[in-house]
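Data file: input18.tsv. Format and content: TSV, C-alpha atoms (C1' of nucleotides).
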```tsv
chain	number	residue	atom	x	y	z
A	1	MET	CA	14.35	7.01	-3.20
A	2	SER	CA	16.70	8.92	-5.36
A	3	SER	CA	20.05	8.50	-3.76
A	4	PHE	CA	21.93	5.96	-1.72
A	5	PHE	CA	21.95	8.47	1.06
A	6	GLU	CA	18.24	8.21	1.49
A	7	LYS	CA	18.40	4.46	1.74
A	8	VAL	CA	20.95	4.83	4.46
A	9	HIS	CA	18.87	7.39	6.26
A	10	HIS	CA	15.73	5.30	6.09
A	11	LEU	CA	17.52	2.24	7.30
A	12	VAL	CA	19.23	4.03	10.14
A	13	ARG	CA	15.90	5.37	11.22
A	14	GLN	CA	14.79	1.81	11.83
A	15	VAL	CA	17.45	1.26	14.42
A	16	PRO	CA	15.58	0.94	17.71
A	17	PRO	CA	16.71	2.97	20.72
A	18	GLY	CA	19.25	1.26	22.90
A	19	LYS	CA	20.70	-0.67	19.97
A	20	VAL	CA	23.59	-0.01	17.67
A	21	THR	CA	24.72	-1.18	14.27
A	22	SER	CA	27.74	-0.71	12.08
A	23	TYR	CA	28.49	0.92	8.76
A	24	GLY	CA	29.39	-2.39	7.24
A	25	ALA	CA	26.15	-3.95	8.43
A	26	VAL	CA	24.14	-1.13	6.92
A	27	ALA	CA	26.06	-1.39	3.68
A	28	ARG	CA	25.36	-5.12	3.46
A	29	MET	CA	21.70	-4.66	4.22
A	30	LEU	CA	21.50	-2.32	1.28
A	31	GLU	CA	23.15	-4.92	-0.90
A	32	HIS	CA	26.34	-2.95	-1.20
A	33	PRO	CA	28.77	-4.94	0.94
A	34	HIS	CA	31.62	-2.62	0.10
A	35	ALA	CA	29.97	0.71	0.40
A	36	ALA	CA	30.65	1.19	4.08
A	37	ARG	CA	32.52	4.38	3.34
A	38	THR	CA	29.64	5.77	1.41
A	39	VAL	CA	27.36	4.91	4.31
A	40	GLY	CA	29.57	6.82	6.67
A	41	TRP	CA	29.61	9.69	4.29
A	42	ALA	CA	25.87	9.63	4.01
A	43	LEU	CA	25.65	10.13	7.73
A	44	HIS	CA	28.30	12.80	7.96
A	45	SER	CA	26.81	14.70	5.09
A	46	LEU	CA	23.16	14.28	6.05
A	47	PRO	CA	21.50	16.42	3.40
A	48	SER	CA	18.75	18.77	4.42
A	49	ALA	CA	20.39	18.94	7.79
A	50	ARG	CA	17.41	20.65	9.29
A	51	GLU	CA	15.71	20.48	12.61
A	52	GLY	CA	12.62	18.36	12.38
A	53	ASP	CA	13.45	16.12	9.46
A	54	GLU	CA	16.47	14.15	8.33
A	55	ARG	CA	19.13	15.02	10.79
A	56	GLY	CA	16.77	15.14	13.70
A	57	GLY	CA	15.10	11.91	12.63
A	58	VAL	CA	18.22	9.98	11.80
A	59	PRO	CA	19.85	8.42	14.86
A	60	TRP	CA	23.31	8.56	13.34
A	61	TRP	CA	24.88	8.02	16.73
A	62	ARG	CA	23.63	4.43	16.72
A	63	VAL	CA	25.97	3.67	13.87
A	64	LEU	CA	29.49	2.62	14.85
A	65	ASN	CA	32.43	1.16	13.02
A	66	SER	CA	33.06	-2.55	12.56
A	67	LYS	CA	34.43	-3.01	16.04
A	68	GLY	CA	31.38	-1.45	17.55
A	69	CYS	CA	33.46	1.46	18.69
A	70	ILE	CA	33.11	5.17	18.18
A	71	SER	CA	35.92	6.04	15.88
A	72	LEU	CA	34.58	8.89	13.81
A	73	ALA	CA	38.04	9.46	12.40
A	74	GLY	CA	39.00	12.24	14.69
A	75	GLU	CA	36.27	14.36	16.07
A	76	HIS	CA	32.82	15.32	14.94
A	77	GLY	CA	30.57	14.42	17.75
A	78	ALA	CA	32.31	11.49	19.35
A	79	GLY	CA	31.68	12.91	22.77
A	80	LEU	CA	28.12	13.74	21.90
A	81	GLN	CA	27.61	10.31	20.42
A	82	ARG	CA	28.73	8.65	23.62
A	83	GLU	CA	26.33	10.73	25.62
A	84	LEU	CA	23.44	9.96	23.32
A	85	LEU	CA	24.13	6.25	23.46
A	86	GLU	CA	24.45	6.14	27.20
A	87	ALA	CA	21.30	8.19	27.46
A	88	GLU	CA	19.55	5.33	25.68
A	89	GLY	CA	20.92	2.76	28.04
A	90	VAL	CA	23.80	1.59	25.88
A	91	GLU	CA	26.94	0.83	27.80
A	92	VAL	CA	29.89	2.57	26.25
A	93	SER	CA	33.38	1.83	27.47
A	94	GLU	CA	35.86	4.60	28.05
A	95	ARG	CA	37.40	3.97	24.71
A	96	GLY	CA	34.00	4.38	23.15
A	97	CYS	CA	33.32	0.73	22.50
A	98	VAL	CA	29.97	-0.99	22.76
A	99	ASP	CA	29.27	-4.64	23.44
A	100	LEU	CA	27.68	-5.72	20.19
A	101	MET	CA	26.66	-9.02	21.74
A	102	ARG	CA	24.17	-7.16	23.88
A	103	PHE	CA	23.41	-3.93	22.09
A	104	GLY	CA	24.06	-4.89	18.51
A	105	TRP	CA	21.08	-4.51	16.22
A	106	GLU	CA	20.07	-7.66	14.42
A	107	GLY	CA	19.02	-5.62	11.44
A	108	LEU	CA	16.04	-5.97	9.19
A	109	LEU	CA	14.93	-8.92	7.16
A	110	TRP	CA	15.22	-8.67	3.43
A	111	TYR	CA	11.51	-8.19	2.89
A	112	GLU	CA	11.31	-5.55	5.56
A	113	ILE	CA	14.03	-3.64	3.80
A	114	GLU	CA	12.25	-4.03	0.51
A	115	GLU	CA	9.06	-2.62	1.95
A	116	LEU	CA	11.00	0.17	3.54
A	117	MET	CA	12.72	1.06	0.30
A	118	LYS	CA	9.52	0.81	-1.66
A	119	GLU	CA	7.83	3.65	0.13
A	120	GLU	CA	9.06	7.19	-0.14
M	121	DA	C1'	33.69	11.91	-18.07
M	122	DC	C1'	37.75	12.26	-14.69
M	123	DA	C1'	39.73	13.15	-10.16
M	124	DA	C1'	39.14	13.85	-5.56
M	125	DT	C1'	36.86	12.92	-1.12
M	126	DG	C1'	35.35	10.46	3.14
M	127	DA	C1'	32.01	9.52	10.22
M	128	DC	C1'	34.71	2.47	6.66
M	129	DA	C1'	36.62	-2.46	6.34
M	130	DT	C1'	39.99	-5.82	6.16
M	131	DA	C1'	44.55	-7.79	5.71
M	132	DA	C1'	49.32	-7.42	6.75
M	133	DG	C1'	53.59	-5.73	9.31
L	134	DG	C1'	47.10	-4.24	19.98
L	135	DC	C1'	48.17	-0.47	17.04
L	136	DT	C1'	49.75	1.45	12.49
L	137	DT	C1'	49.98	1.22	7.44
L	138	DA	C1'	48.46	0.00	3.02
L	139	DT	C1'	44.91	-1.16	-0.28
L	140	DG	C1'	40.16	-1.96	-1.81
L	141	DC	C1'	35.33	-0.12	-2.59
L	142	DC	C1'	31.51	3.11	-3.62
L	143	DA	C1'	28.36	7.04	-4.30
L	144	DT	C1'	28.51	12.00	-4.35
L	145	DT	C1'	30.55	16.31	-5.68
L	146	DG	C1'	33.47	19.75	-8.11
```

As structure tokens, how would this structure be written, given the file I've shared?
Amino acid sequence: MSSFFEKVHHLVRQVPPGKVTSYGAVARMLEHPHAARTVGWALHSLPSAREGDERGGVPWWRVLNSKGCISLAGEHGAGLQRELLEAEGVEVSERGCVDLMRFGWEGLLWYEIEELMKEE
DNA sequence: ACAATGACATAAG
DNA sequence: GCTTATGCCATTG
């Protein structure tokens, strides 16, 4: 656990298939309520963007903005993200929005996060 | 150490 | 609702 990025990556990895969360939620879980931007950056940057590890293991597409929509500030993989989500059974509206009431991830409990952060 | 950057968030017009 | 402005934070040059 050297950088904030890793925390983000580890946490995002815990997001179960078919569920989605938001940058803000992740930021709050990591006790940095106002680091949503950094969270987003952590995902866009994804160090060691290699095949088998980080990038492949981090379901970045399950992370949406506060509205539960795919914004991605322009383009990046918005189309891809929608496909990935739908492939997992998540309903994505045409505008790229997801019903957080049904697919929103509750998140982890504080002690689960602690355990998660403790290892690695 | 300073300035810039960025896949965000929230309030205001 | 959508657009604009401002705040926040870790990483990078």

So the first atom is atom CA of A:Glu115 and the second is atom CA of A:Pro33; what is the distance between them in Å, to one decimal place?
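It comes out at 19.9 Å.
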
Counting all atoms listed in the file, collect the residues of chain M whose closest atom lies at most 12 Å from chain A, and write them out as an MDAnalysis selection string.
chainID M and resid 125:130

Per-residue nearest contacts of chain L to chain A (7 Å; all atoms listed in the file) as a Markdown table:
```
| residue | atom | partner | partner_atom | distance |
| --- | --- | --- | --- | --- |
| L:DC141 | C1' | A:His34 | CA | 5.2 |
| L:DC142 | C1' | A:Ala35 | CA | 4.9 |
| L:DA143 | C1' | A:Thr38 | CA | 6.0 |
```

Which of these, A:Thr21, A:Glu83, A:Leu46, A:Pro59, has the shortest distance to A:Asp99 once you count only C-alpha atoms?
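Of the candidates, the smallest distance to A:Asp99 is held by A:Thr21.
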
Between atom CA of A:Glu106 and atom C1' of L:DT144, what is the distance, to one decimal in Å?
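Atom-to-atom, atom CA of A:Glu106 to atom C1' of L:DT144, that is 28.5 Å.
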
Env of L:DT137: 12 Å cut, atoms = only C-alpha atoms (C1' of nucleotides), seq-sep filter 4 positions within chain, self excluded. Answer as a list in words.
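Everything that qualifies: DA131, DA132 and DG133 of chain M.
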
Can you find the residues with an atom no farther than 10 Å from (35.0, 1.7, 23.2), counting all atoms listed in the file, and report them as a ChimeraX atom specification?
/A:67-71,82,91-99

In the coordinates of the file, take the point (37.9, 10.7, -10.8) and a cut-off of 12 Å; then, counting only C-alpha atoms (C1' of nucleotides), name each qualifying protein, DNA or RNA residue as a VMD selection string.
(chain M and resid 121 to 125) or (chain L and resid 144 to 146)

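A straight line drawn from atom C1' of L:DG140 to atom CA of A:Met29 is 19.6 Å long.
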